[in-house]
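Raw protein32.txt, compact mmCIF, C-alpha atoms:
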```
# COMPACT_ATOMS: atom_id res chain seq x y z
CA MET X 59 12.94 30.23 -200.87
CA SER X 60 10.23 27.55 -201.06
CA ALA X 61 9.12 27.49 -197.39
CA ARG X 62 9.90 23.78 -197.08
CA LEU X 63 9.91 24.06 -193.27
CA ARG X 64 6.97 26.44 -192.85
CA GLY X 65 5.35 26.07 -189.44
CA LYS X 66 8.11 23.89 -188.03
CA VAL X 67 10.23 24.51 -184.92
CA ALA X 68 13.91 23.57 -185.16
CA ILE X 69 16.66 23.33 -182.56
CA VAL X 70 20.12 23.71 -184.07
CA ALA X 71 22.74 22.65 -181.54
CA GLY X 72 26.05 24.26 -182.45
CA ALA X 73 24.46 27.17 -184.32
CA GLY X 74 27.34 29.54 -183.64
CA SER X 75 30.61 29.84 -185.52
CA VAL X 76 34.09 29.73 -183.96
CA GLY X 77 35.34 32.49 -186.26
CA PRO X 78 34.37 34.83 -189.11
CA GLY X 79 32.47 33.15 -191.89
CA TRP X 80 30.03 30.27 -192.08
CA GLY X 81 30.30 27.11 -190.04
CA ASN X 82 27.99 24.16 -190.64
CA GLY X 83 25.66 24.92 -187.75
CA LYS X 84 25.41 28.62 -188.51
CA ALA X 85 24.59 27.99 -192.16
CA THR X 86 22.06 25.30 -191.25
CA ALA X 87 20.24 27.56 -188.79
CA VAL X 88 19.97 30.31 -191.42
CA VAL X 89 18.82 27.93 -194.17
CA PHE X 90 16.17 26.41 -191.88
CA ALA X 91 14.88 29.90 -191.06
CA ARG X 92 14.87 30.97 -194.71
CA GLU X 93 12.71 27.92 -195.40
CA GLY X 94 10.17 29.01 -192.79
CA ALA X 95 11.27 27.33 -189.56
CA LYS X 96 11.34 29.00 -186.18
CA VAL X 97 14.91 28.35 -185.09
CA ILE X 98 16.44 27.97 -181.65
CA CYS X 99 20.12 28.80 -182.07
CA ALA X 100 21.87 26.83 -179.32
CA ASP X 101 25.58 27.09 -178.65
CA ILE X 102 28.00 27.05 -175.72
CA ASP X 103 29.16 30.46 -176.99
CA LEU X 104 26.14 32.70 -176.43
CA ALA X 105 27.59 35.58 -178.45
CA ALA X 106 28.06 33.29 -181.46
CA ALA X 107 24.50 31.97 -181.11
CA GLU X 108 23.18 35.52 -180.85
CA GLU X 109 25.03 36.49 -184.02
CA THR X 110 23.31 33.69 -185.93
CA ALA X 111 19.91 34.55 -184.44
CA ALA X 112 20.42 38.20 -185.38
CA ILE X 113 21.11 37.28 -189.01
CA ILE X 114 17.85 35.35 -189.10
CA GLN X 115 15.89 38.13 -187.42
CA ASN X 116 17.35 40.76 -189.74
CA GLU X 117 16.13 38.69 -192.69
CA GLY X 118 12.63 38.66 -191.23
CA GLY X 119 12.81 35.18 -189.74
CA GLN X 120 12.06 33.95 -186.23
CA ALA X 121 14.91 32.85 -183.98
CA PHE X 122 16.27 33.15 -180.49
CA ALA X 123 19.62 32.24 -178.98
CA VAL X 124 20.23 29.94 -176.02
CA GLU X 125 23.55 29.29 -174.26
CA THR X 126 23.76 25.51 -173.99
CA ASP X 127 26.33 22.91 -173.05
CA VAL X 128 24.97 19.77 -174.71
CA THR X 129 27.24 17.56 -172.59
CA ARG X 130 25.22 18.52 -169.48
CA ASN X 131 21.85 16.90 -168.93
CA ASP X 132 20.45 19.86 -167.01
CA ALA X 133 21.49 22.32 -169.73
CA VAL X 134 19.80 20.25 -172.45
CA ALA X 135 16.65 19.93 -170.34
CA ASP X 136 16.63 23.72 -169.97
CA LEU X 137 17.07 24.17 -173.74
CA VAL X 138 14.12 21.91 -174.49
CA GLY X 139 12.01 23.52 -171.78
CA ARG X 140 12.69 27.01 -173.10
CA THR X 141 11.87 25.91 -176.63
CA LEU X 142 8.55 24.43 -175.55
CA GLY X 143 7.82 27.52 -173.48
CA ARG X 144 8.31 29.72 -176.52
CA TYR X 145 6.85 27.60 -179.32
CA GLY X 146 5.09 24.62 -177.73
CA ARG X 147 6.61 21.95 -179.97
CA ILE X 148 9.85 20.66 -181.54
CA ASP X 149 9.77 19.33 -185.08
CA ILE X 150 13.48 19.26 -185.94
CA LEU X 151 16.67 18.60 -184.00
CA ASN X 152 19.97 19.24 -185.75
CA ASN X 153 23.08 18.13 -183.87
CA ASN X 154 26.09 20.12 -185.10
CA VAL X 155 28.29 20.07 -182.01
CA GLY X 156 31.64 18.36 -182.44
CA LEU X 157 35.36 18.31 -181.76
CA ALA X 158 38.00 17.32 -184.32
CA GLU X 159 41.21 16.67 -182.43
CA ILE X 160 44.24 15.52 -184.37
CA GLY X 161 46.12 12.56 -182.99
CA SER X 162 46.58 8.80 -183.16
CA VAL X 163 45.94 6.49 -180.21
CA LEU X 164 49.59 7.08 -179.28
CA ASP X 165 49.16 10.85 -179.17
CA LEU X 166 45.85 11.38 -177.42
CA SER X 167 45.65 11.80 -173.68
CA GLU X 168 42.90 10.03 -171.78
CA GLU X 169 41.34 13.42 -171.10
CA ALA X 170 41.33 14.33 -174.81
CA TRP X 171 39.76 10.99 -175.70
CA GLU X 172 36.98 11.40 -173.14
CA ARG X 173 36.41 15.02 -174.19
CA ALA X 174 35.83 13.94 -177.79
CA PHE X 175 33.29 11.33 -176.72
CA ARG X 176 31.38 13.81 -174.60
CA LEU X 177 31.18 16.43 -177.34
CA ASN X 178 30.77 14.20 -180.38
CA LEU X 179 28.55 11.48 -178.94
CA THR X 180 27.16 12.21 -175.48
CA GLY X 181 25.84 15.57 -176.66
CA ALA X 182 23.74 13.86 -179.34
CA VAL X 183 22.55 11.25 -176.84
CA LEU X 184 21.36 13.91 -174.41
CA THR X 185 19.62 16.09 -176.98
CA MET X 186 17.80 13.07 -178.43
CA LYS X 187 16.93 11.85 -174.93
CA HIS X 188 15.09 15.10 -174.22
CA VAL X 189 13.66 15.83 -177.68
CA ILE X 190 12.33 12.38 -178.62
CA PRO X 191 9.69 12.33 -175.83
CA VAL X 192 8.40 15.66 -177.20
CA MET X 193 8.15 14.17 -180.68
CA GLN X 194 6.46 11.06 -179.26
CA ARG X 195 3.83 13.24 -177.61
CA GLN X 196 3.29 15.11 -180.88
CA PHE X 197 2.76 11.79 -182.63
CA SER X 198 0.21 10.62 -180.08
CA GLU X 199 -1.67 13.92 -180.33
CA SER X 200 -1.57 14.65 -184.04
CA GLY X 201 0.18 11.81 -185.85
CA GLU X 202 3.23 14.00 -186.44
CA GLY X 203 6.60 12.96 -185.04
CA GLY X 204 9.72 14.84 -186.09
CA SER X 205 13.10 14.75 -187.76
CA ILE X 206 16.53 14.42 -186.15
CA VAL X 207 19.62 15.16 -188.24
CA ASN X 208 22.98 14.28 -186.72
CA ILE X 209 26.13 15.71 -188.29
CA SER X 210 28.75 12.99 -188.55
CA SER X 211 31.83 12.90 -190.81
CA THR X 212 33.32 10.87 -193.63
CA VAL X 213 36.21 9.98 -191.31
CA SER X 214 33.67 7.65 -189.69
CA LEU X 215 33.90 5.54 -192.86
CA ARG X 216 37.60 5.48 -193.68
CA HIS X 217 40.99 7.11 -193.14
CA THR X 218 41.46 10.20 -195.30
CA GLY X 219 45.03 11.22 -194.53
CA VAL X 220 44.79 12.86 -191.09
CA PRO X 221 45.24 10.96 -187.79
CA TYR X 222 41.76 11.43 -186.34
CA ALA X 223 41.53 8.53 -183.87
CA SER X 224 38.96 10.11 -181.57
CA LEU X 225 36.96 11.80 -184.32
CA SER X 226 36.69 8.67 -186.43
CA ALA X 227 35.71 6.52 -183.44
CA THR X 228 33.10 8.92 -182.11
CA LYS X 229 31.53 9.66 -185.47
CA ALA X 230 31.38 5.95 -186.34
CA ALA X 231 29.57 5.45 -183.05
CA LEU X 232 27.23 8.32 -183.92
CA ASN X 233 26.40 6.62 -187.23
CA GLN X 234 25.38 3.42 -185.46
CA LEU X 235 23.49 5.36 -182.80
CA THR X 236 21.61 7.10 -185.61
CA ARG X 237 20.68 3.78 -187.23
CA ASN X 238 19.53 2.18 -183.99
CA THR X 239 17.49 5.18 -182.93
CA ALA X 240 15.91 5.41 -186.38
CA VAL X 241 14.59 1.86 -186.10
CA GLU X 242 13.42 2.23 -182.52
CA PHE X 243 11.21 5.23 -183.19
CA ALA X 244 10.22 4.82 -186.84
CA ALA X 245 6.70 3.67 -185.97
CA GLN X 246 6.11 7.02 -184.27
CA LYS X 247 7.20 8.92 -187.37
CA ILE X 248 10.40 10.12 -185.74
CA ARG X 249 13.02 10.04 -188.45
CA VAL X 250 16.72 9.95 -187.51
CA ASN X 251 19.36 10.50 -190.19
CA ALA X 252 22.98 11.60 -190.44
CA VAL X 253 24.90 13.91 -192.77
CA LEU X 254 28.54 12.93 -193.33
CA PRO X 255 30.52 15.97 -194.53
CA GLY X 256 33.90 15.49 -196.14
CA LEU X 257 36.40 18.28 -196.69
CA ILE X 258 34.47 21.46 -195.92
CA LYS X 259 35.97 24.96 -195.90
CA THR X 260 34.85 26.40 -192.56
CA PRO X 261 36.23 28.81 -189.94
CA ARG X 262 37.04 25.88 -187.65
CA VAL X 263 39.31 24.36 -190.30
CA ALA X 264 40.89 27.73 -191.03
CA LEU X 265 41.80 28.13 -187.36
CA SER X 266 43.29 24.64 -187.02
CA SER X 267 47.05 25.06 -186.80
CA GLY X 268 47.43 21.29 -186.69
CA LEU X 269 45.73 20.80 -190.04
CA ALA X 270 47.72 23.66 -191.55
CA ARG X 271 50.94 21.92 -190.49
CA ILE X 272 49.83 18.59 -191.94
CA TYR X 273 48.62 20.01 -195.24
CA GLY X 274 50.68 23.11 -195.84
CA ASP X 275 53.60 23.37 -193.40
CA GLY X 276 51.63 25.96 -191.45
CA ASP X 277 50.45 27.88 -194.52
CA VAL X 278 46.64 28.09 -194.54
CA GLU X 279 46.45 28.95 -198.25
CA ALA X 280 48.63 25.95 -199.06
CA MET X 281 46.31 23.84 -196.92
CA TRP X 282 43.29 25.00 -198.92
CA THR X 283 45.06 24.12 -202.17
CA ALA X 284 46.06 20.67 -200.91
CA ARG X 285 42.55 19.91 -199.63
CA ASP X 286 41.00 21.02 -202.92
CA ALA X 287 43.31 18.62 -204.73
CA GLN X 288 42.03 15.68 -202.65
CA VAL X 289 38.49 16.10 -203.93
CA PRO X 290 37.48 14.49 -207.26
CA MET X 291 35.29 17.55 -207.96
CA GLY X 292 38.40 19.70 -207.59
CA HIS X 293 37.33 21.80 -204.61
CA MET X 294 36.20 21.57 -201.00
CA GLY X 295 32.59 21.97 -200.01
CA GLU X 296 31.11 24.85 -198.05
CA ALA X 297 28.93 24.96 -194.98
CA TRP X 298 25.96 25.63 -197.26
CA ASP X 299 26.40 22.18 -198.82
CA VAL X 300 26.03 20.59 -195.40
CA ALA X 301 23.10 22.88 -194.58
CA TYR X 302 21.12 21.96 -197.69
CA ALA X 303 21.68 18.25 -197.07
CA ALA X 304 20.35 18.74 -193.54
CA LEU X 305 17.42 20.71 -194.96
CA PHE X 306 16.37 17.83 -197.19
CA LEU X 307 16.47 15.36 -194.30
CA ALA X 308 14.62 17.76 -192.01
CA SER X 309 11.87 18.46 -194.54
CA ASP X 310 8.76 16.47 -195.37
CA GLU X 311 10.36 15.67 -198.73
CA ALA X 312 12.35 13.05 -196.79
CA ARG X 313 9.30 11.69 -194.94
CA TYR X 314 10.13 8.11 -196.03
CA VAL X 315 13.86 8.42 -195.27
CA THR X 316 15.29 7.26 -191.97
CA GLY X 317 18.57 5.71 -190.83
CA LEU X 318 20.39 7.24 -193.81
CA GLU X 319 24.03 8.32 -193.87
CA LEU X 320 24.08 11.10 -196.48
CA VAL X 321 27.65 11.63 -197.65
CA VAL X 322 28.48 15.19 -198.73
CA ASP X 323 32.08 15.08 -199.89
CA GLY X 324 32.49 15.72 -203.62
CA GLY X 325 33.50 12.08 -204.14
CA VAL X 326 36.39 11.85 -201.64
CA THR X 327 35.22 8.59 -200.08
CA LEU X 328 34.85 7.06 -203.55
CA ARG X 329 38.46 7.86 -204.34
CA TYR X 330 39.82 6.60 -201.03
CA GLY X 331 37.41 3.72 -200.56
```

Could you render the structure from this file as structure tokens?
Amino acid sequence: MSARLRGKVAIVAGAGSVGPGWGNGKATAVVFAREGAKVICADIDLAAAEETAAIIQNEGGQAFAVETDVTRNDAVADLVGRTLGRYGRIDILNNNVGLAEIGSVLDLSEEAWERAFRLNLTGAVLTMKHVIPVMQRQFSESGEGGSIVNISSTVSLRHTGVPYASLSATKAALNQLTRNTAVEFAAQKIRVNAVLPGLIKTPRVALSSGLARIYGDGDVEAMWTARDAQVPMGHMGEAWDVAYAALFLASDEARYVTGLELVVDGGVTLRYG
């Protein structure tokens, strides 16, 4: 690796994986560490966060796991406090927490709607609320701010065949939150960008019985085939594709990039635009 994040401290919120394999947050945490970052693997599932941290440590990297509920202000404050206690700074925040619940406005309960907003939007608000002051202090002390990378989705841009009312609404809101925050803190060299994954083959998708019914009548392999066929490149992406997009935005190579929505979808949104 090229050590593009050497000397940097990164919080990856949602660094665990819901099942065997590589989710976006897990892959991102490992890629950040391979590029030299000290990584805080935060997840509501401590065992999943510890698994990711162990992979990094076994490869010779630096990481530790923290059990965190990003929808709770006190939990996020504790996460930031523990990170500062260990490393003294925060250079990168990667928000990977999210909920993709299938359903139109006719299907979703009020509770499901509010749950999506807390996980997909409030979590990013709270992490940024606690991390940005740290980056502001770094700017005032050394002229260095930081980089925030929010993971959104292409469903924030257009309908792609699945009724994702809450996901599309919350991720569209996250896009606009990213833009606004980018402008507000640009003068302090705090960059805020978003990655918009399309059809990605992850454990979360594999475990979604609802998606399997929509795509393949309950057959997961049929679902994979159908999703591959939607992509102009002929195949879904992997978590590593999302991770490397996040790496670029987190690195100094993107020092003049802020407020960007980086689409990672193999051309799906071009076909359905």

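Across the structure, CA of Gln234 (chain X) and CA of Ile190 (chain X) are spaced 17.2 Å apart.
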
Env of region 255-267 of chain X: 10 Å cut, atoms = all atoms listed in the file, seq-sep filter 2 positions within chain, self excluded. Answer as a PyMOL selection string.
chain X and resi 75-82+157-160+209-213+218+252-253+269-279+281-282+285-286+288-289+293-300+303+320-327

Name all residues at most 6 Å from region 59-74 of chain X (count all atoms listed in the file; drop same-chain ones fewer than 5 positions away) and give them as a compact mmCIF listing (two decimals) with C-alpha atoms, in the coordinates of the input.
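Generated output (around_22.txt):
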```
# COMPACT_ATOMS: atom_id res chain seq x y z
CA GLY X 83 25.66 24.92 -187.75
CA LYS X 84 25.41 28.62 -188.51
CA GLU X 93 12.71 27.92 -195.40
CA GLY X 94 10.17 29.01 -192.79
CA ALA X 95 11.27 27.33 -189.56
CA LYS X 96 11.34 29.00 -186.18
CA VAL X 97 14.91 28.35 -185.09
CA ILE X 98 16.44 27.97 -181.65
CA CYS X 99 20.12 28.80 -182.07
CA ALA X 100 21.87 26.83 -179.32
CA ASP X 101 25.58 27.09 -178.65
CA ALA X 106 28.06 33.29 -181.46
CA ALA X 107 24.50 31.97 -181.11
CA ILE X 148 9.85 20.66 -181.54
CA ASP X 149 9.77 19.33 -185.08
CA ILE X 150 13.48 19.26 -185.94
CA LEU X 151 16.67 18.60 -184.00
CA ASN X 152 19.97 19.24 -185.75
CA ASN X 153 23.08 18.13 -183.87
CA ASN X 154 26.09 20.12 -185.10
CA VAL X 155 28.29 20.07 -182.01
```

Counting all atoms listed in the file, note down every residue that has an atom within 12 Å of the point (17.0, 10.9, -198.7) (file coordinates), as a ChimeraX atom specification.
/X:207,249-253,302-321

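Between CA of Leu177 (chain X) and CA of Met193 (chain X) the interatomic distance comes to 23.4 Å.
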
Assuming 4 Å of padding per side, give the centre and edge lengths of the axis-aligned box around every listed atom of region 87-97 of chain X, in Å to one decimal and as AutoDock Vina command-line options.
```
--center_x 15.2 --center_y 28.7 --center_z -190.2 --size_x 18.1 --size_y 12.6 --size_z 18.3
```

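Relative to CA of Leu254 (chain X), CA of Val88 (chain X) is found at 19.5 Å.
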
From the list X:Leu328, X:Val134, X:Leu166, X:Ala85, the nearest residue to Pro290 (chain X) using only C-alpha atoms is X:Leu328

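Of the listed residues X:Ile206, X:Ala170, X:Ala123, X:Ala135, the one whose atoms come nearest to Thr239 (chain X) is X:Ile206, with distances taken using all atoms listed in the file.
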
Nearest to Val89 (chain X), chosen from X:Ala121, X:Phe175, X:Thr283, X:Ala105, with only C-alpha atoms counted in the distances
X:Ala121

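The nearest approach to Asp127 (chain X) among the residues X:Gly161, X:Gly292, X:Gly204, X:Gly156, with only C-alpha atoms taken into account, belongs to X:Gly156.
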
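Among the candidates X:Ala174, X:Ile248, X:Ile114, X:Ala223, the one nearest to Met186 (chain X) when counting only C-alpha atoms is X:Ile248.
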
Please provide the set of residues having any atom within 12 Å of His188 (chain X), restricted to all atoms listed in the file, with same-chain residues fewer than 2 positions apart removed, written as a VMD selection string.
chain X and resid 69 128 130 to 139 141 to 142 148 151 181 to 186 190 to 195

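Remark: for Phe197 (chain X), the closest of the candidate residues X:Leu104, X:Ala284, X:Ala91, X:Ala245 is X:Ala245 (distances computed over only C-alpha atoms).
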
Can you tell me, as a PyMOL selection string, what residues are no more than 12 Å from Ser162 (chain X) when counting only C-alpha atoms, ignoring any on the same chain fewer than 3 positions away?
chain X and resi 159+165-167+170-171+217+219-227
